[in-house]
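Structure below is protein.cif: mmCIF, C-alpha atoms.
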data_target
#
loop_
_atom_site.label_atom_id
_atom_site.label_comp_id
_atom_site.auth_asym_id
_atom_site.auth_seq_id
_atom_site.Cartn_x
_atom_site.Cartn_y
_atom_site.Cartn_z
CA PHE A 815 101.91 76.27 86.31
CA ARG A 816 98.55 77.17 87.78
CA SER A 817 96.58 75.33 90.41
CA ARG A 818 93.13 73.88 89.76
CA VAL A 819 90.43 75.50 91.87
CA VAL A 820 87.41 73.53 93.07
CA ILE A 821 84.27 74.26 95.08
CA THR A 822 84.04 72.17 98.25
CA GLY A 823 81.49 74.07 100.35
CA ARG A 824 78.29 76.07 99.85
CA GLY A 825 76.08 78.16 102.10
CA ILE A 826 73.04 80.13 100.98
CA THR A 827 70.19 82.24 102.26
CA SER A 828 67.84 83.66 99.64
CA PRO A 829 64.20 84.34 98.81
CA LEU A 830 64.21 80.81 97.33
CA GLY A 831 65.31 79.23 100.61
CA SER A 832 68.23 78.90 102.99
CA THR A 833 69.67 75.56 101.93
CA VAL A 834 70.96 74.65 98.47
CA LYS A 835 68.43 71.81 98.26
CA ASP A 836 65.47 74.04 99.19
CA ALA A 837 66.50 76.81 96.80
CA PHE A 838 67.02 74.38 93.91
CA GLU A 839 63.70 72.60 94.49
CA ARG A 840 61.91 75.96 94.71
CA LEU A 841 63.08 76.75 91.16
CA LYS A 842 60.96 73.83 89.95
CA ILE A 843 57.73 75.33 91.29
CA TYR A 844 57.89 78.11 88.65
CA LYS A 845 56.67 80.76 91.09
CA ASN A 846 58.58 83.91 91.91
CA CYS A 847 59.37 85.27 95.37
CA VAL A 848 58.19 88.84 94.77
CA GLU A 849 55.56 90.46 96.99
CA HIS A 850 54.08 93.78 97.98
CA TRP A 851 56.28 95.58 100.53
CA GLU A 852 54.04 97.68 102.72
CA LYS A 853 56.91 99.79 104.03
CA LEU A 854 57.41 101.28 100.56
CA ASP A 855 53.88 102.71 100.62
CA GLU A 856 55.13 105.28 103.14
CA TYR A 857 57.28 107.04 100.56
CA GLU A 858 55.84 109.68 98.25
CA ARG A 859 56.86 109.70 94.57
CA LEU A 860 58.22 106.13 94.79
CA ASN A 861 56.92 104.19 91.80
CA THR A 862 57.42 100.66 93.08
CA SER A 863 56.21 98.87 96.20
CA LEU A 864 57.73 95.45 95.48
CA GLY A 865 60.47 93.37 97.09
CA ALA A 866 61.75 89.79 97.44
CA PHE A 867 62.64 88.66 100.95
CA VAL A 868 64.56 85.98 102.80
CA LYS A 869 61.95 84.22 104.94
CA ASP A 870 63.78 81.45 106.79
CA PHE A 871 67.10 82.96 107.87
CA GLU A 872 67.90 82.36 111.53
CA VAL A 873 70.84 83.67 113.53
CA PRO A 874 72.19 80.84 115.72
CA GLU A 875 71.84 81.35 119.47
CA ARG A 876 75.60 81.02 119.88
CA PHE A 877 75.96 84.42 118.19
CA THR A 878 76.12 86.44 121.39
CA ARG A 879 75.43 90.15 121.71
CA LYS A 880 79.19 90.72 121.79
CA VAL A 881 79.63 88.81 118.52
CA LYS A 882 76.78 90.67 116.82
CA ARG A 883 77.71 94.18 117.90
CA THR A 884 79.72 94.76 114.70
CA MET A 885 77.24 93.03 112.40
CA GLY A 886 74.19 94.41 110.65
CA ASN A 887 71.93 92.01 108.77
CA VAL A 888 74.18 91.91 105.72
CA ALA A 889 77.19 90.79 107.79
CA LEU A 890 75.09 88.32 109.77
CA MET A 891 73.90 86.64 106.56
CA ALA A 892 77.47 86.56 105.27
CA VAL A 893 78.93 85.03 108.44
CA VAL A 894 76.14 82.47 108.96
CA THR A 895 76.31 81.25 105.35
CA ALA A 896 80.12 81.15 105.60
CA GLU A 897 79.78 78.92 108.64
CA GLU A 898 77.40 76.66 106.71
CA ALA A 899 79.80 76.54 103.78
CA LEU A 900 82.79 75.68 105.96
CA LYS A 901 80.75 72.97 107.68
CA ASP A 902 79.67 71.66 104.27
CA ALA A 903 83.32 71.56 103.19
CA GLY A 904 84.37 69.75 106.37
CA LEU A 905 86.72 72.61 107.25
CA LEU A 906 84.97 74.21 110.22
CA GLY A 907 87.55 74.27 113.02
CA ASP A 908 90.35 73.00 110.74
CA GLU A 909 93.76 74.54 111.41
CA ILE A 910 94.04 75.67 107.78
CA ILE A 911 91.45 78.38 108.51
CA THR A 912 93.78 80.11 110.98
CA ASN A 913 97.28 79.26 109.72
CA GLY A 914 97.45 81.93 107.01
CA ARG A 915 96.57 79.63 104.09
CA THR A 916 92.89 80.69 104.07
CA GLY A 917 91.69 84.09 102.88
CA VAL A 918 88.39 85.93 102.45
CA SER A 919 87.12 87.47 99.21
CA TYR A 920 83.66 88.87 99.77
CA GLY A 921 81.44 91.83 99.05
CA SER A 922 78.20 93.74 99.23
CA SER A 923 77.00 96.91 97.51
CA THR A 924 76.98 98.75 100.84
CA GLY A 925 77.15 98.01 104.52
CA SER A 926 74.06 98.12 106.70
CA LEU A 927 72.11 101.22 105.76
CA ASP A 928 70.42 101.64 109.14
CA ALA A 929 73.91 102.15 110.62
CA ILE A 930 74.50 104.93 108.10
CA LEU A 931 71.31 106.58 109.36
CA ASP A 932 72.81 106.60 112.86
CA PHE A 933 75.59 108.84 111.51
CA TYR A 934 73.02 110.95 109.70
CA SER A 935 71.24 111.54 113.02
CA MET A 936 74.46 112.99 114.41
CA CYS A 937 74.55 115.54 111.59
CA ILE A 938 70.87 116.50 111.92
CA ASP A 939 70.37 116.39 115.69
CA LYS A 940 73.89 117.63 116.53
CA GLU A 941 74.08 114.91 119.16
CA VAL A 942 76.09 111.70 119.31
CA LYS A 943 73.28 109.56 120.69
CA LEU A 944 72.89 106.60 118.35
CA LEU A 945 76.54 105.90 117.60
CA ASN A 946 78.50 103.16 119.33
CA SER A 947 81.73 101.24 118.80
CA GLY A 948 80.09 98.98 116.22
CA SER A 949 78.34 101.65 114.12
CA TYR A 950 81.10 102.19 111.58
CA ILE A 951 81.92 98.46 111.30
CA LYS A 952 78.26 97.75 110.44
CA MET A 953 78.20 100.58 107.91
CA MET A 954 81.49 100.14 106.05
CA PRO A 955 81.37 98.51 102.61
CA GLN A 956 83.88 95.83 103.67
CA THR A 957 81.72 94.78 106.65
CA THR A 958 80.98 91.33 105.22
CA ALA A 959 84.60 90.39 104.49
CA VAL A 960 85.94 91.79 107.76
CA ASN A 961 83.31 90.16 109.96
CA ILE A 962 83.88 86.78 108.28
CA SER A 963 87.62 87.10 108.85
CA LEU A 964 87.18 88.11 112.50
CA TYR A 965 84.61 85.44 113.30
CA PHE A 966 86.68 82.58 111.86
CA GLN A 967 90.05 84.13 112.78
CA THR A 968 91.53 83.89 109.29
CA HIS A 969 95.04 85.25 108.75
CA GLY A 970 95.27 85.09 104.96
CA ARG A 971 94.55 87.86 102.49
CA LEU A 972 91.31 89.81 102.68
CA ILE A 973 89.76 91.06 99.44
CA PRO A 974 86.68 93.26 99.85
CA THR A 975 84.66 93.38 96.63
CA SER A 976 82.13 96.17 97.00
CA THR A 977 81.44 96.51 93.29
CA ALA A 978 77.66 96.87 93.33
CA CYS A 979 75.91 94.06 91.43
CA THR A 980 79.18 92.21 90.70
CA SER A 981 80.27 92.08 94.37
CA GLY A 982 79.45 88.37 94.69
CA SER A 983 80.88 87.26 91.36
CA MET A 984 83.97 89.43 91.86
CA GLY A 985 84.42 87.84 95.29
CA ILE A 986 84.44 84.41 93.68
CA GLY A 987 86.67 85.49 90.79
CA TYR A 988 89.35 87.09 92.93
CA ALA A 989 89.26 84.10 95.30
CA TYR A 990 89.78 81.81 92.30
CA GLU A 991 92.80 83.84 91.21
CA ALA A 992 94.29 83.86 94.72
CA ILE A 993 94.28 80.05 94.76
CA LYS A 994 95.14 79.55 91.09
CA ASP A 995 98.27 81.67 91.47
CA GLY A 996 99.33 79.94 94.68
CA TYR A 997 98.73 82.68 97.25
CA GLN A 998 96.15 80.71 99.25
CA ASP A 999 94.95 77.11 99.56
CA VAL A 1000 91.41 77.95 100.68
CA MET A 1001 89.20 81.00 100.14
CA ILE A 1002 85.87 81.94 101.70
CA ALA A 1003 84.15 83.73 98.82
CA GLY A 1004 80.83 85.29 97.91
CA GLY A 1005 78.50 88.21 98.48
CA ALA A 1006 75.55 89.38 100.54
CA GLU A 1007 72.93 92.14 100.60
CA GLU A 1008 70.20 93.19 103.01
CA ILE A 1009 67.14 94.85 101.53
CA HIS A 1010 66.44 98.50 102.40
CA PRO A 1011 64.05 101.16 101.03
CA THR A 1012 66.98 103.39 100.03
CA GLN A 1013 68.27 100.71 97.66
CA VAL A 1014 64.88 100.64 96.00
CA GLY A 1015 65.06 104.42 95.76
CA VAL A 1016 68.39 104.24 93.88
CA PHE A 1017 66.86 102.26 91.02
CA ASP A 1018 63.48 104.00 91.21
CA THR A 1019 65.07 107.39 90.46
CA LEU A 1020 66.54 105.81 87.32
CA TYR A 1021 63.06 104.54 86.32
CA ALA A 1022 64.53 101.03 86.46
CA THR A 1023 62.08 99.45 88.94
CA SER A 1024 58.97 97.47 88.09
CA SER A 1025 55.68 99.14 88.99
CA LYS A 1026 53.48 96.07 88.55
CA ASN A 1027 52.55 96.63 92.18
CA ASN A 1028 49.19 94.87 91.99
CA THR A 1029 50.57 91.80 90.21
CA PRO A 1030 53.86 90.91 91.94
CA GLU A 1031 53.68 87.39 90.54
CA LEU A 1032 54.16 88.80 87.02
CA THR A 1033 57.45 90.62 87.56
CA PRO A 1034 60.34 90.91 86.92
CA SER A 1035 60.19 89.54 83.38
CA PRO A 1036 63.70 89.59 81.90
CA PHE A 1037 63.96 89.68 78.09
CA ASP A 1038 60.18 90.04 77.73
CA LYS A 1039 58.71 92.64 75.38
CA ASN A 1040 56.43 93.94 78.15
CA ARG A 1041 58.90 93.99 81.05
CA ASP A 1042 58.97 97.19 83.05
CA GLY A 1043 62.00 96.93 85.32
CA LEU A 1044 63.65 95.12 88.18
CA VAL A 1045 62.65 94.18 91.72
CA ILE A 1046 65.08 94.40 94.64
CA GLY A 1047 65.79 91.25 96.67
CA GLU A 1048 68.17 90.17 99.43
CA GLY A 1049 70.28 87.25 100.57
CA ALA A 1050 73.79 85.82 100.75
CA GLY A 1051 75.81 83.14 99.03
CA THR A 1052 79.13 81.77 100.29
CA LEU A 1053 81.41 79.28 98.56
CA ILE A 1054 84.52 77.54 99.84
CA LEU A 1055 87.08 77.46 97.06
CA GLU A 1056 90.01 75.13 97.48
CA GLU A 1057 93.17 74.12 95.68
CA TYR A 1058 92.39 70.77 94.04
CA GLU A 1059 95.33 68.76 95.40
CA HIS A 1060 94.58 70.00 98.91
CA ALA A 1061 90.92 69.03 98.58
CA LYS A 1062 91.81 65.63 97.10
CA ALA A 1063 94.34 64.87 99.85
CA ARG A 1064 91.73 65.26 102.55
CA GLY A 1065 89.02 63.37 100.61
CA ALA A 1066 86.71 66.36 100.25
CA GLU A 1067 83.49 66.21 98.28
CA ILE A 1068 83.93 68.40 95.23
CA TYR A 1069 80.87 70.08 93.68
CA ALA A 1070 82.47 71.66 90.63
CA GLU A 1071 85.61 73.27 89.30
CA ILE A 1072 86.04 76.95 88.50
CA ALA A 1073 87.66 76.79 85.11
CA GLY A 1074 87.94 80.47 84.24
CA PHE A 1075 87.16 84.04 85.25
CA ALA A 1076 87.41 87.49 83.74
CA THR A 1077 86.50 91.02 84.71
CA ASN A 1078 86.75 94.32 82.86
CA THR A 1079 85.23 97.79 82.79
CA ASP A 1080 83.29 99.69 80.13
CA GLY A 1081 84.91 103.07 80.65
CA THR A 1082 81.95 104.69 78.92
CA HIS A 1083 78.92 105.35 81.17
CA ILE A 1084 78.34 104.81 84.86
CA THR A 1085 74.87 103.22 84.53
CA ASN A 1086 74.26 102.43 80.84
CA PRO A 1087 75.79 99.06 79.88
CA ASN A 1088 78.21 98.62 77.01
CA LYS A 1089 77.46 95.52 74.95
CA ASP A 1090 80.93 95.43 73.38
CA MET A 1091 82.72 95.25 76.72
CA MET A 1092 80.16 92.73 78.01
CA ALA A 1093 81.05 90.54 75.01
CA GLU A 1094 84.74 91.09 75.64
CA VAL A 1095 84.57 89.88 79.27
CA MET A 1096 82.82 86.67 78.14
CA LYS A 1097 85.55 86.08 75.53
CA GLN A 1098 88.24 86.71 78.15
CA ALA A 1099 86.59 84.21 80.54
CA LEU A 1100 86.52 81.56 77.80
CA GLN A 1101 90.18 82.26 77.09
CA SER A 1102 90.96 82.00 80.82
CA ALA A 1103 89.26 78.59 80.93
CA GLY A 1104 90.86 77.43 77.70
CA VAL A 1105 87.52 76.47 76.17
CA SER A 1106 85.56 77.56 73.12
CA ALA A 1107 82.08 79.08 73.17
CA ASP A 1108 80.81 75.87 71.56
CA GLU A 1109 81.63 73.92 74.74
CA ILE A 1110 79.33 76.03 76.94
CA GLY A 1111 75.96 74.30 77.32
CA TYR A 1112 74.14 76.99 79.30
CA VAL A 1113 74.50 80.66 80.21
CA ASN A 1114 73.20 82.03 83.50
CA ALA A 1115 72.24 85.58 82.53
CA HIS A 1116 72.49 88.65 84.73
CA GLY A 1117 68.96 89.22 83.37
CA THR A 1118 67.56 91.96 85.62
CA GLY A 1119 64.48 92.86 83.59
CA THR A 1120 65.58 96.38 82.61
CA ILE A 1121 65.28 97.35 78.95
CA ASN A 1122 68.82 98.63 78.39
CA GLY A 1123 70.43 95.86 80.43
CA ASP A 1124 68.54 92.98 78.81
CA ILE A 1125 69.16 94.19 75.29
CA ALA A 1126 72.87 94.92 75.76
CA GLU A 1127 73.52 91.63 77.57
CA SER A 1128 71.64 89.46 75.07
CA LEU A 1129 73.29 91.12 72.06
CA ALA A 1130 76.69 90.65 73.70
CA THR A 1131 75.92 86.98 74.34
CA GLU A 1132 74.80 86.49 70.73
CA ASN A 1133 78.01 88.16 69.55
CA VAL A 1134 80.16 85.73 71.58
CA PHE A 1135 78.30 82.47 70.94
CA LYS A 1136 77.06 83.05 67.37
CA ARG A 1137 74.42 80.42 68.02
CA GLU A 1138 71.25 80.12 70.05
CA VAL A 1139 72.84 79.07 73.33
CA PRO A 1140 70.42 78.12 76.15
CA ILE A 1141 70.06 81.03 78.59
CA SER A 1142 67.85 82.03 81.53
CA SER A 1143 67.67 84.38 84.53
CA ILE A 1144 67.40 83.38 88.19
CA LYS A 1145 66.45 86.99 89.00
CA SER A 1146 63.01 86.29 87.57
CA TYR A 1147 62.52 84.28 90.80
CA THR A 1148 64.54 86.17 93.41
CA GLY A 1149 64.53 89.71 92.15
CA HIS A 1150 67.88 91.46 92.01
CA THR A 1151 69.81 90.60 95.17
CA LEU A 1152 72.51 93.14 94.22
CA GLY A 1153 75.85 92.25 95.87
CA ALA A 1154 74.63 88.72 96.61
CA CYS A 1155 73.39 87.75 93.14
CA GLY A 1156 76.69 86.56 91.67
CA ALA A 1157 77.25 84.15 94.55
CA ILE A 1158 73.67 82.89 94.83
CA GLU A 1159 73.54 82.32 91.06
CA THR A 1160 76.90 80.53 90.99
CA ILE A 1161 75.75 78.15 93.73
CA LEU A 1162 72.51 77.40 91.87
CA ALA A 1163 74.24 77.13 88.49
CA VAL A 1164 76.54 74.46 89.94
CA GLU A 1165 73.57 72.58 91.38
CA MET A 1166 71.69 72.77 88.08
CA MET A 1167 74.74 71.60 86.12
CA ASN A 1168 75.13 68.60 88.44
CA LYS A 1169 71.40 67.80 88.38
CA LYS A 1170 71.23 68.35 84.59
CA TRP A 1171 68.21 70.65 84.91
CA PHE A 1172 68.12 74.39 84.27
CA ASN A 1173 65.48 76.93 85.30
CA PRO A 1174 63.31 78.86 82.86
CA THR A 1175 63.03 82.63 82.95
CA LEU A 1176 59.68 83.29 84.62
CA ASN A 1177 57.20 85.72 83.03
CA LEU A 1178 58.97 85.48 79.67
CA LYS A 1179 55.94 85.29 77.38
CA GLU A 1180 57.01 87.28 74.34
CA ILE A 1181 60.72 87.73 73.66
CA ASP A 1182 61.69 91.33 72.93
CA GLU A 1183 62.56 91.51 69.23
CA ASN A 1184 65.40 93.92 70.12
CA CYS A 1185 67.13 91.25 72.21
CA GLY A 1186 69.77 88.93 70.79
CA LYS A 1187 68.83 85.67 69.08
CA LEU A 1188 69.36 83.10 71.83
CA ASP A 1189 67.67 79.93 73.11
CA TYR A 1190 65.68 81.54 75.93
CA ILE A 1191 64.44 78.85 78.32
CA GLN A 1192 60.74 79.58 78.86
CA ASN A 1193 57.72 78.14 80.70
CA GLU A 1194 59.42 75.10 82.22
CA GLY A 1195 62.88 73.83 83.07
CA ARG A 1196 65.21 72.27 80.52
CA ALA A 1197 67.16 69.02 80.81
CA ILE A 1198 70.69 69.80 79.62
CA GLU A 1199 73.82 67.71 80.05
CA THR A 1200 76.90 69.89 79.77
CA GLU A 1201 80.45 69.96 81.06
CA TYR A 1202 80.65 73.77 81.11
CA VAL A 1203 78.37 76.59 82.23
CA MET A 1204 78.96 80.35 82.04
CA THR A 1205 77.52 82.76 84.62
CA ASN A 1206 77.63 86.53 84.00
CA ASN A 1207 77.05 89.64 86.10
CA PHE A 1208 77.24 93.34 85.31
CA ALA A 1209 77.24 96.41 87.59
CA PHE A 1210 77.00 100.17 87.83
CA GLY A 1211 80.35 101.71 87.01
CA GLY A 1212 80.51 99.55 83.88
CA ILE A 1213 81.94 96.61 85.84
CA ASN A 1214 81.61 93.24 84.08
CA THR A 1215 82.32 89.70 85.29
CA SER A 1216 82.13 86.25 83.73
CA ILE A 1217 82.78 82.90 85.43
CA ILE A 1218 83.20 79.51 83.72
CA LEU A 1219 82.09 76.52 85.80
CA LYS A 1220 83.17 73.00 84.92
CA LYS A 1221 81.55 69.77 85.98
CA PHE A 1222 84.06 68.07 88.24
CA SER A 1223 86.10 65.15 86.96
CA LYS A 1224 89.27 63.81 88.56
#
Can I see the file as structure tokens?
Amino acid sequence: FRSRVVITGRGITSPLGSTVKDAFERLKIYKNCVEHWEKLDEYERLNTSLGAFVKDFEVPERFTRKVKRTMGNVALMAVVTAEEALKDAGLLGDEIITNGRTGVSYGSSTGSLDAILDFYSMCIDKEVKLLNSGSYIKMMPQTTAVNISLYFQTHGRLIPTSTACTSGSMGIGYAYEAIKDGYQDVMIAGGAEEIHPTQVGVFDTLYATSSKNNTPELTPSPFDKNRDGLVIGEGAGTLILEEYEHAKARGAEIYAEIAGFATNTDGTHITNPNKDMMAEVMKQALQSAGVSADEIGYVNAHGTGTINGDIAESLATENVFKREVPISSIKSYTGHTLGACGAIETILAVEMMNKKWFNPTLNLKEIDENCGKLDYIQNEGRAIETEYVMTNNFAFGGINTSIILKKFSK
């Protein structure tokens, strides 16, 4: 026996907006969120000067200095969106949050990088002047999960998922498994990332960033013949996952069901993707959900806009579906929000499935002939009615994830 797992709460902050409604409506404008980032002009030999930013995130006044002393921006976004998600689920202040039946499964690629620089100053200046009791907590990779647990006083299991670009999707997947297998009734799940020049530097040294610095509206362009790389973004996405019978008993609004999840690793190269293992994780997710590829009406692609990534992912998708399945990339709007992308994209994929409208990939003018033969949604959104959606994410380290979402029915 395995429990059904449903989504009962959502909280989001992203370049598209900081409510689910705003972010979804912004998709329909067909305009990306990328802009010139002046701060990047300070760095020599950096090829890109682009970023995608959260514009309307506000920290509530009730977050006192004492509360915030262990939180950098990444943890703040995680905790605030978790509060929104719990409120949305009708569980904020409920005893289940603190009685051991609620856990946290959450990640980011790193902690707050400015806190790491405080430690660096100690090494360079030989003086402990910038460090304080919160410095390490802000810096550590599990800062999002730990701060959520502390703020809401959860006593269930804590699963930190700092797995680079799959941190958010892994957070959701492991939360799903914790409920499915009966370990928890409720999980606070997702991922977050704050933007920082050093993150841009990581991808820039790999020649993976877009240098269309004078035309930010034209990039990134996943799957396009003339794409030239990714753009870094930021944000957070938090979902409340709940055991179905528990949600039903309290009359909760249910947005969707998580029908299946899989994760695996390439074991081949730390940054170059492996199309065979990408295909394998999709097949494992379908098996987990007990559905065939023919039942999936739309695929939310990882779709970063890098040549190797786009080609490997699209060929893997073609291998699994053996038909031209509708597919598009939200990163063409938001840039690559790293540890947050899996959660932000899952939230938006659920909304699109329920609204029967799916976003196009922006700036996709001429499909790369080396990419797989798929039904790439271009130019404008597509009306699709489907019971199942797949959302995929892939990360450095050869870490692959695939989630199957199901339209909710009693």
Reference answer for the PyMOL selection byres ((chain A and resi 843) around 12), as a VMD selection string: chain A and resid 830 836 to 842 844 to 847 1147 1173 to 1174 1176 1193 to 1195
How would the residues just picked look written out with C-alpha atoms as a CSV table (one decimal), keeping the file's coordinate frame?
chain,number,residue,atom,x,y,z
A,830,LEU,CA,64.2,80.8,97.3
A,836,ASP,CA,65.5,74.0,99.2
A,837,ALA,CA,66.5,76.8,96.8
A,838,PHE,CA,67.0,74.4,93.9
A,839,GLU,CA,63.7,72.6,94.5
A,840,ARG,CA,61.9,76.0,94.7
A,841,LEU,CA,63.1,76.8,91.2
A,842,LYS,CA,61.0,73.8,90.0
A,844,TYR,CA,57.9,78.1,88.6
A,845,LYS,CA,56.7,80.8,91.1
A,846,ASN,CA,58.6,83.9,91.9
A,847,CYS,CA,59.4,85.3,95.4
A,1147,TYR,CA,62.5,84.3,90.8
A,1173,ASN,CA,65.5,76.9,85.3
A,1174,PRO,CA,63.3,78.9,82.9
A,1176,LEU,CA,59.7,83.3,84.6
A,1193,ASN,CA,57.7,78.1,80.7
A,1194,GLU,CA,59.4,75.1,82.2
A,1195,GLY,CA,62.9,73.8,83.1
Residues in the PyMOL selection byres ((chain A and resi 983) around 10), expressed as number ranges by chain: A: 920-921, 975, 977, 979-982, 984-989, 1003-1005, 1075, 1077, 1153-1160, 1205-1208, 1214-1217
Contact residues around A:Gln1098 with all atoms listed in the file at 9 Å, ignoring same-chain residues under 3 positions, as a PyMOL selection string: chain A and resi 1074-1077+1093-1095+1101-1103+1216
Taking C-alpha atoms for each residue, export the selection above as an mmCIF file, keeping the file's coordinate frame.
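Output below, filename selection14.cif:
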data_model
loop_
_atom_site.group_PDB
_atom_site.id
_atom_site.type_symbol
_atom_site.label_atom_id
_atom_site.label_comp_id
_atom_site.auth_asym_id
_atom_site.auth_seq_id
_atom_site.Cartn_x
_atom_site.Cartn_y
_atom_site.Cartn_z
ATOM 1 C CA GLY A 1074 87.940 80.470 84.240
ATOM 2 C CA PHE A 1075 87.160 84.040 85.250
ATOM 3 C CA ALA A 1076 87.410 87.490 83.740
ATOM 4 C CA THR A 1077 86.500 91.020 84.710
ATOM 5 C CA ALA A 1093 81.050 90.540 75.010
ATOM 6 C CA GLU A 1094 84.740 91.090 75.640
ATOM 7 C CA VAL A 1095 84.570 89.880 79.270
ATOM 8 C CA GLN A 1101 90.180 82.260 77.090
ATOM 9 C CA SER A 1102 90.960 82.000 80.820
ATOM 10 C CA ALA A 1103 89.260 78.590 80.930
ATOM 11 C CA SER A 1216 82.130 86.250 83.730
#
Nearby residues (only C-alpha atoms) at most 9 Å from A:Lys901, same-chain spacing under 4 positions excluded, as a ChimeraX atom specification: /A:823-825,896-897,905-907
Could you turn the residues from that selection into a file that holds C-alpha atoms, as a JSON list (two decimals), in the coordinates of the input?
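Written out: part_31.json:
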[["chain", "number", "residue", "atom", "x", "y", "z"],
["A", 823, "GLY", "CA", 81.49, 74.07, 100.35],
["A", 824, "ARG", "CA", 78.29, 76.07, 99.85],
["A", 825, "GLY", "CA", 76.08, 78.16, 102.10],
["A", 896, "ALA", "CA", 80.12, 81.15, 105.60],
["A", 897, "GLU", "CA", 79.78, 78.92, 108.64],
["A", 905, "LEU", "CA", 86.72, 72.61, 107.25],
["A", 906, "LEU", "CA", 84.97, 74.21, 110.22],
["A", 907, "GLY", "CA", 87.55, 74.27, 113.02]]
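Residues selected in this file by the PyMOL selection byres ((chain A and resi 1138) around 8) comprise A:Glu1132, A:Phe1135, A:Lys1136, A:Arg1137, A:Val1139, A:Pro1140, A:Lys1187, A:Leu1188, A:Asp1189.
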Test item: residues at most 12 Å from A:Arg1064, all atoms listed in the file, excluding those fewer than 3 positions along its chain, as JSON, numbers by chain: {"A": [822, 903, 904, 905, 908, 910, 1056, 1057, 1058, 1059, 1060, 1061, 1067, 1068]}
All residues 10 Å or closer to A:Arg971, only C-alpha atoms, same chain fewer than 4 positions away omitted, as a ChimeraX atom specification: /A:914-919,963,989,992,997-998,1001
Grab the residues selected above and save them as a tab-separated table (two decimals), keeping the file's coordinate frame with C-alpha atoms.
chain	number	residue	atom	x	y	z
A	914	GLY	CA	97.45	81.93	107.01
A	915	ARG	CA	96.57	79.63	104.09
A	916	THR	CA	92.89	80.69	104.07
A	917	GLY	CA	91.69	84.09	102.88
A	918	VAL	CA	88.39	85.93	102.45
A	919	SER	CA	87.12	87.47	99.21
A	963	SER	CA	87.62	87.10	108.85
A	989	ALA	CA	89.26	84.10	95.30
A	992	ALA	CA	94.29	83.86	94.72
A	997	TYR	CA	98.73	82.68	97.25
A	998	GLN	CA	96.15	80.71	99.25
A	1001	MET	CA	89.20	81.00	100.14
